[in-house]
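start-v5.txt follows; it contains compact mmCIF, C-alpha atoms.
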```
# COMPACT_ATOMS: atom_id res chain seq x y z
CA MET A 1 -10.65 6.94 -31.11
CA HIS A 2 -13.09 9.87 -30.89
CA HIS A 3 -15.73 7.68 -29.23
CA ASN A 4 -13.31 6.45 -26.56
CA GLY A 5 -11.35 9.63 -25.94
CA LEU A 6 -12.09 9.88 -22.22
CA GLY A 7 -11.11 6.31 -21.44
CA LEU A 8 -7.97 6.47 -23.57
CA PHE A 9 -6.92 9.82 -22.10
CA PHE A 10 -7.23 8.74 -18.48
CA GLY A 11 -5.75 5.30 -19.20
CA THR A 12 -2.72 6.94 -20.79
CA ILE A 13 -2.09 9.53 -18.10
CA PHE A 14 -2.57 6.83 -15.43
CA ILE A 15 0.19 4.69 -17.00
CA LEU A 16 2.47 7.72 -17.39
CA ALA A 17 1.90 8.89 -13.80
CA LEU A 18 2.45 5.39 -12.37
CA ALA A 19 5.64 5.02 -14.40
CA GLY A 20 6.78 8.44 -13.20
CA GLN A 21 6.03 7.48 -9.60
CA ALA A 22 8.08 4.28 -10.03
CA LEU A 23 11.03 6.06 -11.67
CA THR A 24 11.21 8.92 -9.17
CA GLY A 25 10.66 6.59 -6.21
CA HIS A 26 13.42 4.32 -7.48
CA ALA A 27 15.80 7.27 -7.83
CA LEU A 28 14.99 8.48 -4.30
CA PHE A 29 15.41 4.99 -2.83
CA ASN A 30 18.80 4.57 -4.50
CA GLN A 31 19.94 8.00 -3.30
CA GLU A 32 19.39 6.73 0.23
CA GLN A 33 21.09 3.39 -0.53
CA VAL A 34 24.19 5.10 -1.91
CA ALA A 35 24.28 7.55 1.02
CA ALA A 36 24.33 4.53 3.37
CA GLY A 37 27.13 2.89 1.35
CA LEU A 38 24.83 0.14 0.07
CA ASP A 39 24.38 -1.15 -3.48
CA PRO A 40 21.56 0.43 -5.50
CA ILE A 41 18.60 -1.74 -6.42
CA THR A 42 17.04 -2.31 -9.84
CA LEU A 43 13.80 -0.68 -10.95
CA GLY A 44 12.15 -4.12 -10.91
CA GLN A 45 13.20 -4.69 -7.30
CA TYR A 46 11.84 -1.28 -6.35
CA VAL A 47 8.49 -1.82 -8.07
CA LEU A 48 8.10 -5.11 -6.15
CA SER A 49 9.08 -3.50 -2.83
CA SER A 50 6.64 -2.95 0.02
CA SER A 51 7.39 0.79 0.11
CA PHE A 52 6.26 1.22 -3.51
CA GLY A 53 3.31 -1.11 -2.91
CA VAL A 54 1.96 0.79 0.07
CA ASP A 55 2.37 4.15 -1.65
CA VAL A 56 0.35 2.94 -4.65
CA ALA A 57 -2.31 1.06 -2.71
CA GLU A 58 -3.05 3.81 -0.19
CA ASN A 59 -3.90 6.19 -3.03
CA TRP A 60 -5.93 3.64 -4.95
CA GLN A 61 -8.10 2.73 -1.95
CA SER A 62 -8.96 6.33 -1.21
CA GLU A 63 -9.88 7.09 -4.82
CA TYR A 64 -12.16 4.06 -5.05
CA LEU A 65 -13.68 4.91 -1.66
CA GLN A 66 -14.46 8.36 -3.00
CA PHE A 67 -16.39 6.92 -5.94
CA LEU A 68 -17.99 4.20 -3.81
CA LEU A 69 -19.38 6.84 -1.45
CA TYR A 70 -20.33 9.23 -4.21
CA ILE A 71 -22.23 6.62 -6.20
CA SER A 72 -24.04 5.23 -3.16
CA VAL A 73 -24.68 8.38 -1.11
CA THR A 74 -26.15 10.26 -4.08
CA ILE A 75 -28.88 7.63 -4.32
CA TRP A 76 -30.43 9.09 -1.17
CA LEU A 77 -28.87 12.49 -0.46
CA VAL A 78 -29.52 15.50 -2.68
CA GLN A 79 -27.98 18.97 -2.85
CA LYS A 80 -30.09 21.88 -4.02
CA GLY A 81 -28.48 23.66 -6.97
CA SER A 82 -25.80 21.04 -7.65
CA PRO A 83 -25.44 19.27 -11.01
CA GLU A 84 -23.88 16.39 -9.05
CA SER A 85 -27.22 15.76 -7.34
CA LYS A 86 -30.45 14.26 -8.58
CA LYS A 87 -33.51 16.47 -8.57
CA LEU A 88 -34.74 17.14 -5.03
CA ASP A 89 -37.83 14.89 -5.30
CA GLN A 90 -36.02 11.94 -6.87
CA SER A 91 -34.01 10.52 -3.97
CA GLY A 92 -34.04 6.74 -3.66
CA PRO A 93 -33.36 3.84 -6.04
CA GLY A 94 -36.12 4.83 -8.51
CA THR A 95 -38.95 2.79 -10.03
CA ASP A 96 -38.50 -0.03 -12.53
CA LYS A 97 -39.95 2.31 -15.14
CA ASP A 98 -37.36 5.01 -14.35
CA GLN A 99 -34.58 2.45 -14.37
CA LEU A 100 -35.69 0.68 -17.57
CA VAL A 101 -35.62 -2.78 -16.01
CA GLY A 102 -37.86 -5.83 -16.28
CA GLN A 103 -40.94 -5.14 -18.42
CA TYR A 104 -39.72 -1.56 -19.00
CA ALA A 105 -36.40 -2.61 -20.49
CA HIS A 106 -35.62 -1.60 -24.05
CA LEU A 107 -34.51 -3.95 -26.79
CA ASP A 108 -30.95 -2.73 -26.44
CA SER A 109 -30.95 -2.89 -22.61
CA PRO A 110 -28.28 -5.14 -21.02
CA ALA A 111 -29.48 -8.75 -20.73
CA TRP A 112 -29.54 -8.80 -16.91
CA ALA A 113 -31.63 -5.60 -16.85
CA ARG A 114 -34.32 -7.38 -18.83
CA VAL A 115 -34.68 -10.32 -16.44
CA HIS A 116 -36.10 -10.39 -12.89
CA GLY A 117 -34.63 -11.73 -9.64
CA TRP A 118 -31.06 -11.83 -8.36
CA ARG A 119 -29.43 -11.11 -11.72
CA GLN A 120 -31.31 -7.83 -12.12
CA HIS A 121 -30.54 -6.94 -8.49
CA LEU A 122 -26.85 -7.79 -8.92
CA TYR A 123 -26.55 -5.90 -12.20
CA GLY A 124 -28.49 -2.98 -10.73
CA ASN A 125 -25.82 -2.59 -8.05
CA SER A 126 -22.80 -3.73 -10.05
CA LEU A 127 -21.08 -0.35 -10.16
CA VAL A 128 -21.11 0.05 -6.37
CA LEU A 129 -20.05 -3.58 -5.93
CA ALA A 130 -17.11 -3.11 -8.31
CA MET A 131 -15.96 0.13 -6.69
CA GLY A 132 -16.45 -1.32 -3.20
CA GLY A 133 -14.59 -4.51 -4.09
CA ILE A 134 -11.63 -2.64 -5.52
CA PHE A 135 -11.64 -0.30 -2.51
CA PHE A 136 -11.51 -3.13 0.02
CA LEU A 137 -8.84 -5.06 -1.92
CA SER A 138 -6.73 -1.91 -2.30
CA TRP A 139 -7.10 -1.20 1.42
CA LEU A 140 -6.12 -4.80 2.19
CA ALA A 141 -3.11 -4.44 -0.11
CA GLN A 142 -2.19 -1.20 1.69
CA SER A 143 -2.32 -2.99 5.04
CA VAL A 144 -0.19 -5.95 3.91
CA ALA A 145 2.41 -3.89 2.06
CA GLY A 146 2.28 -1.20 4.75
CA ALA A 147 2.96 -3.70 7.54
CA SER A 148 5.96 -5.02 5.62
CA ALA A 149 7.32 -1.52 4.91
CA PHE A 150 6.72 -0.48 8.53
CA ASN A 151 8.56 -3.54 9.82
CA GLU A 152 11.45 -2.94 7.42
CA GLN A 153 11.79 0.52 8.96
CA GLN A 154 11.45 -0.94 12.46
CA LEU A 155 14.42 -3.24 11.78
CA GLN A 156 16.46 -0.36 10.38
CA ASP A 157 15.74 1.48 13.64
CA LEU A 158 16.78 -1.61 15.67
CA GLN A 159 13.23 -2.18 16.86
CA ALA A 160 11.13 -5.34 16.87
CA PRO A 161 8.68 -5.91 14.02
CA ILE A 162 4.95 -6.13 14.78
CA SER A 163 2.15 -8.37 13.52
CA TRP A 164 -0.29 -7.40 10.76
CA ALA A 165 -3.09 -7.20 13.35
CA LEU A 166 -1.11 -4.74 15.46
CA TYR A 167 -0.21 -2.77 12.33
CA VAL A 168 -3.82 -2.26 11.25
CA ALA A 169 -4.55 -0.86 14.72
CA SER A 170 -1.47 1.37 14.66
CA PRO A 171 -1.31 5.16 14.23
CA GLU A 172 0.91 4.63 11.15
CA PHE A 173 -1.81 2.69 9.27
CA TRP A 174 -4.63 5.07 10.20
CA ASN A 175 -2.56 8.16 9.57
CA ARG A 176 -1.72 6.94 6.05
CA THR A 177 -5.39 6.07 5.51
CA LEU A 178 -6.99 9.22 6.89
CA GLN A 179 -4.61 11.66 5.22
CA ASN A 180 -5.84 10.26 1.91
CA TRP A 181 -9.50 10.11 2.90
CA GLN A 182 -9.67 13.71 4.09
CA SER A 183 -8.37 15.03 0.77
CA GLU A 184 -10.87 12.94 -1.21
CA PHE A 185 -13.79 14.06 0.94
CA LEU A 186 -12.72 17.70 0.62
CA ALA A 187 -12.45 17.44 -3.17
CA VAL A 188 -15.89 15.83 -3.56
CA GLY A 189 -17.54 18.23 -1.13
CA SER A 190 -15.97 21.17 -2.95
CA MET A 191 -17.25 19.89 -6.28
CA VAL A 192 -20.79 19.49 -4.93
CA VAL A 193 -20.90 23.01 -3.49
CA LEU A 194 -18.82 24.99 -6.00
CA SER A 195 -20.81 23.58 -8.93
CA ILE A 196 -23.90 25.24 -7.49
CA TYR A 197 -22.43 28.69 -8.15
CA LEU A 198 -19.65 28.21 -10.71
CA ARG A 199 -19.84 26.97 -14.30
CA GLN A 200 -17.61 25.38 -16.93
CA ARG A 201 -19.01 25.90 -20.37
CA GLY A 202 -19.27 22.61 -22.26
CA SER A 203 -18.54 20.28 -19.35
CA PRO A 204 -21.11 17.63 -18.31
CA GLU A 205 -19.81 18.09 -14.76
CA SER A 206 -21.22 21.63 -14.75
CA LYS A 207 -24.66 23.12 -15.21
CA PRO A 208 -25.18 25.15 -18.40
CA VAL A 209 -23.60 28.56 -17.94
CA GLY A 210 -26.95 30.34 -17.88
CA SER A 211 -28.66 28.00 -15.40
CA SER A 212 -29.82 29.54 -12.15
CA HIS A 213 -28.11 28.65 -8.89
CA GLU A 214 -31.30 26.88 -7.81
CA THR A 215 -31.40 24.49 -10.78
CA THR A 216 -30.63 20.98 -9.52
CA GLY A 217 -29.62 17.84 -11.37
CA THR A 218 -29.02 19.44 -14.75
CA THR A 219 -25.74 19.12 -16.60
CA GLY A 220 -24.45 21.04 -19.56
CA MET B 1 5.02 -5.47 22.99
CA GLY B 2 4.38 -9.15 22.28
CA ASP B 3 6.52 -11.54 20.34
CA PRO B 4 6.86 -10.52 16.73
CA VAL B 5 4.70 -12.56 14.37
CA ARG B 6 5.91 -13.52 10.92
CA PHE B 7 3.63 -13.26 7.92
CA ARG B 8 2.59 -16.63 6.64
CA GLY B 9 0.66 -18.01 3.70
CA CYS B 10 1.66 -15.33 1.20
CA ARG B 11 1.89 -17.87 -1.59
CA LYS B 12 -1.89 -18.21 -1.72
CA TYR B 13 -2.12 -14.78 -3.32
CA TRP B 14 -0.16 -16.09 -6.29
CA THR B 15 -2.41 -19.08 -6.82
CA SER B 16 -5.82 -17.51 -6.21
CA ALA B 17 -7.88 -17.76 -9.41
CA TRP B 18 -9.41 -14.31 -9.59
CA SER B 19 -11.51 -14.03 -12.67
CA TRP B 20 -11.93 -10.31 -12.39
CA ARG B 21 -9.04 -8.82 -14.28
CA LEU B 22 -9.37 -5.43 -12.62
CA LEU B 23 -8.56 -6.97 -9.26
CA VAL B 24 -5.44 -8.82 -10.34
CA PRO B 25 -3.03 -5.89 -10.05
CA VAL B 26 -4.32 -5.03 -6.59
CA VAL B 27 -3.95 -8.56 -5.29
CA LEU B 28 -0.56 -8.98 -6.93
CA LEU B 29 0.54 -5.74 -5.33
CA ALA B 30 -0.33 -7.12 -1.91
CA ALA B 31 1.30 -10.43 -2.69
CA VAL B 32 4.63 -9.29 -4.02
CA SER B 33 5.15 -6.42 -1.65
CA GLY B 34 3.89 -8.08 1.51
CA CYS B 35 5.61 -11.45 1.33
CA ALA B 36 8.76 -11.80 3.36
CA PRO B 37 11.76 -13.08 1.40
CA SER B 38 13.68 -16.18 2.49
CA GLY B 39 15.55 -15.92 5.78
CA ALA B 40 18.39 -18.20 4.65
CA GLY B 41 20.64 -15.36 3.43
CA PRO B 42 20.57 -13.23 6.59
CA ALA B 43 20.80 -16.27 8.88
CA SER B 44 23.91 -17.48 7.01
CA ALA B 45 25.46 -14.02 7.16
CA ALA B 46 24.81 -13.77 10.92
CA GLN B 47 26.30 -17.23 11.50
CA ALA B 48 29.34 -16.35 9.38
CA PHE B 49 29.86 -13.17 11.40
CA TYR B 50 29.82 -15.02 14.71
CA ALA B 51 31.95 -17.84 13.26
CA ALA B 52 34.58 -15.22 12.38
CA LEU B 53 34.37 -13.84 15.93
CA ASP B 54 34.69 -17.38 17.34
CA GLY B 55 37.82 -17.83 15.23
CA HIS B 56 39.20 -14.43 16.29
CA ASP B 57 39.31 -13.43 12.61
CA LEU B 58 38.24 -9.83 13.15
CA ALA B 59 39.12 -8.72 9.63
CA ALA B 60 36.76 -11.36 8.24
CA ALA B 61 34.08 -10.27 10.71
CA CYS B 62 34.51 -6.64 9.62
CA ALA B 63 34.06 -7.69 5.97
CA LEU B 64 30.55 -8.86 6.90
CA LEU B 65 29.51 -5.52 8.41
CA ALA B 66 27.44 -2.74 6.80
CA PRO B 67 29.41 0.36 5.75
CA ALA B 68 27.92 2.58 8.48
CA THR B 69 28.84 0.03 11.14
CA ILE B 70 32.40 -0.31 9.80
CA LYS B 71 32.72 3.48 9.85
CA SER B 72 31.50 3.66 13.43
CA LEU B 73 33.86 0.90 14.62
CA ALA B 74 36.81 2.36 12.71
CA LYS B 75 36.17 5.70 14.38
CA ASP B 76 36.24 4.03 17.80
CA GLY B 77 39.28 1.92 16.85
CA GLY B 78 41.57 4.70 15.72
CA GLY B 79 40.85 4.11 12.05
CA SER B 80 40.79 0.30 12.22
CA CYS B 81 37.54 -1.69 12.12
CA PRO B 82 39.12 -4.87 13.63
CA THR B 83 40.53 -2.80 16.50
CA GLY B 84 37.17 -1.14 17.06
CA LEU B 85 35.47 -4.53 16.96
CA GLU B 86 37.95 -5.94 19.49
CA ASP B 87 37.47 -2.92 21.75
CA ALA B 88 33.70 -3.37 21.57
CA GLY B 89 34.18 -6.69 23.39
CA LEU B 90 31.44 -8.44 21.43
CA ALA B 91 31.08 -11.92 22.91
CA ALA B 92 31.19 -14.96 20.67
CA VAL B 93 27.95 -16.91 20.83
CA GLY B 94 29.68 -20.28 21.31
CA PRO B 95 28.70 -23.66 19.85
CA ASP B 96 25.23 -23.71 21.45
CA GLY B 97 24.24 -20.38 20.01
CA ARG B 98 25.26 -20.85 16.40
CA ALA B 99 21.94 -22.17 15.13
CA PRO B 100 19.50 -19.34 14.40
CA SER B 101 16.44 -19.72 16.62
CA ALA B 102 14.39 -17.17 14.66
CA THR B 103 14.79 -15.14 11.47
CA GLN B 104 12.48 -12.35 10.41
CA VAL B 105 12.92 -10.66 7.04
CA PHE B 106 11.05 -7.58 5.83
CA GLY B 107 12.11 -6.16 2.50
CA ARG B 108 15.85 -5.50 2.69
CA SER B 109 16.15 -5.72 6.47
CA ALA B 110 16.35 -8.75 8.77
CA LEU B 111 16.53 -9.73 12.44
CA VAL B 112 18.27 -13.01 13.28
CA SER B 113 18.34 -14.52 16.76
CA LEU B 114 21.30 -16.75 17.64
CA GLY B 115 20.66 -18.02 21.14
CA ALA B 116 20.44 -14.93 23.33
CA GLU B 117 22.11 -12.74 20.70
CA ASN B 118 20.14 -10.74 18.17
CA VAL B 119 21.64 -9.48 14.93
CA PHE B 120 20.18 -6.83 12.61
CA LEU B 121 21.13 -7.09 8.94
CA THR B 122 20.59 -5.15 5.76
CA GLN B 123 20.76 -6.30 2.15
CA SER B 124 23.26 -4.77 -0.27
CA GLY B 125 23.14 -6.27 -3.74
CA THR B 126 22.98 -10.02 -3.14
CA ARG B 127 24.82 -9.86 0.20
CA TRP B 128 23.41 -9.52 3.70
CA LEU B 129 25.52 -7.25 5.93
CA VAL B 130 25.43 -6.92 9.71
CA ASP B 131 24.01 -3.56 10.82
CA ALA B 132 24.12 -4.26 14.54
CA ALA B 133 25.07 -7.25 16.68
CA GLY B 134 25.09 -8.30 20.31
CA CYS B 135 21.61 -6.86 20.66
CA THR B 136 19.21 -7.46 23.52
CA ALA B 137 15.56 -6.42 23.52
CA VAL B 138 14.46 -3.41 25.56
CA GLU B 139 10.76 -2.93 26.23
CA ASP B 140 9.21 -0.09 24.18
CA ALA B 141 12.63 1.03 22.93
CA PRO B 142 15.24 0.08 20.34
CA PHE B 143 17.38 -2.98 21.06
CA ASP B 144 20.51 -2.37 23.11
CA CYS B 145 23.42 -3.39 20.84
CA GLU B 146 27.13 -3.94 21.49
CA ILE B 147 28.00 -2.73 17.99
CA GLY B 148 26.09 -0.78 15.35
CA GLY B 149 22.99 1.33 15.59
CA GLY B 150 24.86 4.61 15.67
```
Show how you would write the structure in this file as structure tokens.
Amino acid sequence: MHHNGLGLFFGTIFILALAGQALTGHALFNQEQVAAGLDPITLGQYVLSSSFGVDVAENWQSEYLQFLLYISVTIWLVQKGSPESKKLDQSGPGTDKDQLVGQYAHLDSPAWARVHGWRQHLYGNSLVLAMGGIFFLSWLAQSVAGASAFNEQQLQDLQAPISWALYVASPEFWNRTLQNWQSEFLAVGSMVVLSIYLRQRGSPESKPVGSSHETTGTTG
Amino acid sequence: MGDPVRFRGCRKYWTSAWSWRLLVPVVLLAAVSGCAPSGAGPASAAQAFYAALDGHDLAAACALLAPATIKSLAKDGGGSCPTGLEDAGLAAVGPDGRAPSATQVFGRSALVSLGAENVFLTQSGTRWLVDAAGCTAVEDAPFDCEIGGG
């Protein structure tokens, strides 16, 4: 338990928050159904609805985009004074010796780090590939569920539905997308800059309290 | 605006053999929330509504309407939905127009075309109710409907 506290904590609050989103969304949806004189729907029907789907997926895609960008951009870009950055002279993918791959691998290194060729290359980029894959699938899910939810609203407004292709070029799709992206970019940018000057004692996301503002790539 | 296009091929999401467990919820989310339900229910409800109009059974036709539409017609008909429906002068589609030529369903809303007539429906429980009928398309604007739609 102690060794997996972070994973368990975030896994638990994720489940609780998702359940809360489903329960409150269901209650809101049924308020509108009853106001229109229509029968309420079950929680299961709501969770499978396009409106719940698009609300979940649009947040997922932006979170995974945030980590995709952060993991990949910090390979090359540095920020003086930030614990989120590598040291100023270390930009780039690093040498095999730095990365403990091939002949420099340790006995307890992952198997694909010890071999050469495509497996080492694939494993060496597996985190970005995973985050990128989940981002694109979440964004695709947002577009499919969003088109369905948009068209449901179109029909309620006595307007013709549109195709998926028209939906992904629509202001509705991009407004949903960009309102999530801007908040993620602001949060990451704030973390990079504020961590230059501010500290949180004991957190690996912060520099040690007594570190100078110029110290880069050190965590406490 | 071009002709509306229905989503097709949703079933493939269910049968795709993703080995990566992390991706399953994402793909399932797209599958279950993006697939259009069957159009049989709304098409049957629209046909039943026009069949009641054809048979001059206005009470039966009113029973197939959504609550907001009943309220609107009753207001126009001095408190009676059948009277309001009669006053609206909604034309019966006739024998040639009874077969739905197109049905589009998104979530709990549907659009059914019966010949030149278009009918908007909404789902309540297991029933499909007519929101608006006698509707004709208007470019870049909501459909123009004989009944319903506020």
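The gap separating CA of Val128 in chain A from CA of Asp55 in chain A is 24.3 Å, in Å to one decimal.
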Computed interatomic separation between CA of Phe106 in chain B and CA of Ala74 in chain B (Å):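 Taking CA of Phe106 in chain B and CA of Ala74 in chain B, their separation equals 28.5 Å.
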Residue hits in chain A, query chain B, radius 7 Å, all atoms listed in the file, as a PyMOL selection string: chain A and resi 36-39+41+48-50+53+134+137-138+141+144-145+148+151-152+155-163
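Take CA of His3 in chain A and CA of Ser203 in chain A: the distance between them is 16.3 Å.
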Spatial neighbours of range 89-102 of chain A, max dist 7 Å, all atoms listed in the file, sep filter under 5 positions, as a list of chain:residue names: A:Ile75, A:Trp76, A:Leu77, A:Val78, A:Ala113, A:Arg114, A:Val115, A:His116
In the coordinates of the file, take the point (28.0, -13.4, 22.8) and a cut-off of 10 Å; then, counting only C-alpha atoms, name each qualifying protein, DNA or RNA residue as a CSV table (one decimal) with C-alpha atoms, in the coordinates of the input.
```
chain,number,residue,atom,x,y,z
B,50,TYR,CA,29.8,-15.0,14.7
B,53,LEU,CA,34.4,-13.8,15.9
B,54,ASP,CA,34.7,-17.4,17.3
B,89,GLY,CA,34.2,-6.7,23.4
B,90,LEU,CA,31.4,-8.4,21.4
B,91,ALA,CA,31.1,-11.9,22.9
B,92,ALA,CA,31.2,-15.0,20.7
B,93,VAL,CA,28.0,-16.9,20.8
B,94,GLY,CA,29.7,-20.3,21.3
B,97,GLY,CA,24.2,-20.4,20.0
B,114,LEU,CA,21.3,-16.8,17.6
B,115,GLY,CA,20.7,-18.0,21.1
B,116,ALA,CA,20.4,-14.9,23.3
B,117,GLU,CA,22.1,-12.7,20.7
B,118,ASN,CA,20.1,-10.7,18.2
B,133,ALA,CA,25.1,-7.2,16.7
B,134,GLY,CA,25.1,-8.3,20.3
B,135,CYS,CA,21.6,-6.9,20.7
B,146,GLU,CA,27.1,-3.9,21.5
```
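Distances from A:His26, A:Phe9, A:Gln61, A:Pro40 to Gln179 in chain A were compared using all atoms listed in the file, and the smallest one belongs to A:Gln61.
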Considering all atoms listed in the file, return as a PDB file with C-alpha atoms, in the frame of the given file whatever protein or nucleic-acid residues lie within 8 Å of Gln47 in chain B, sequence-local ones (same chain, fewer than 3 positions apart) excluded.
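What ended up in part-v4.pdb:
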```pdb
ATOM      1  CA  ALA B  43      20.800 -16.270   8.880  1.00  0.00           C
ATOM      2  CA  SER B  44      23.910 -17.480   7.010  1.00  0.00           C
ATOM      3  CA  TYR B  50      29.820 -15.020  14.710  1.00  0.00           C
ATOM      4  CA  ALA B  51      31.950 -17.840  13.260  1.00  0.00           C
ATOM      5  CA  ARG B  98      25.260 -20.850  16.400  1.00  0.00           C
ATOM      6  CA  ALA B  99      21.940 -22.170  15.130  1.00  0.00           C
ATOM      7  CA  PRO B 100      19.500 -19.340  14.400  1.00  0.00           C
ATOM      8  CA  LEU B 114      21.300 -16.750  17.640  1.00  0.00           C
TER       9      LEU B 114
END
```
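Considering the residues B:Ala60, B:Val130, B:Val112, B:Ile147 and counting only C-alpha atoms, Gly39 in chain B has its shortest atom-to-atom contact with B:Val112.
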Spatial neighbours of Arg199 in chain A, 10 Å, only C-alpha atoms, chain gap at least 2 places, as JSON, numbers by chain: {"A": [194, 195, 196, 197, 201, 202, 203, 205, 206, 207, 208, 209, 210, 211, 220]}
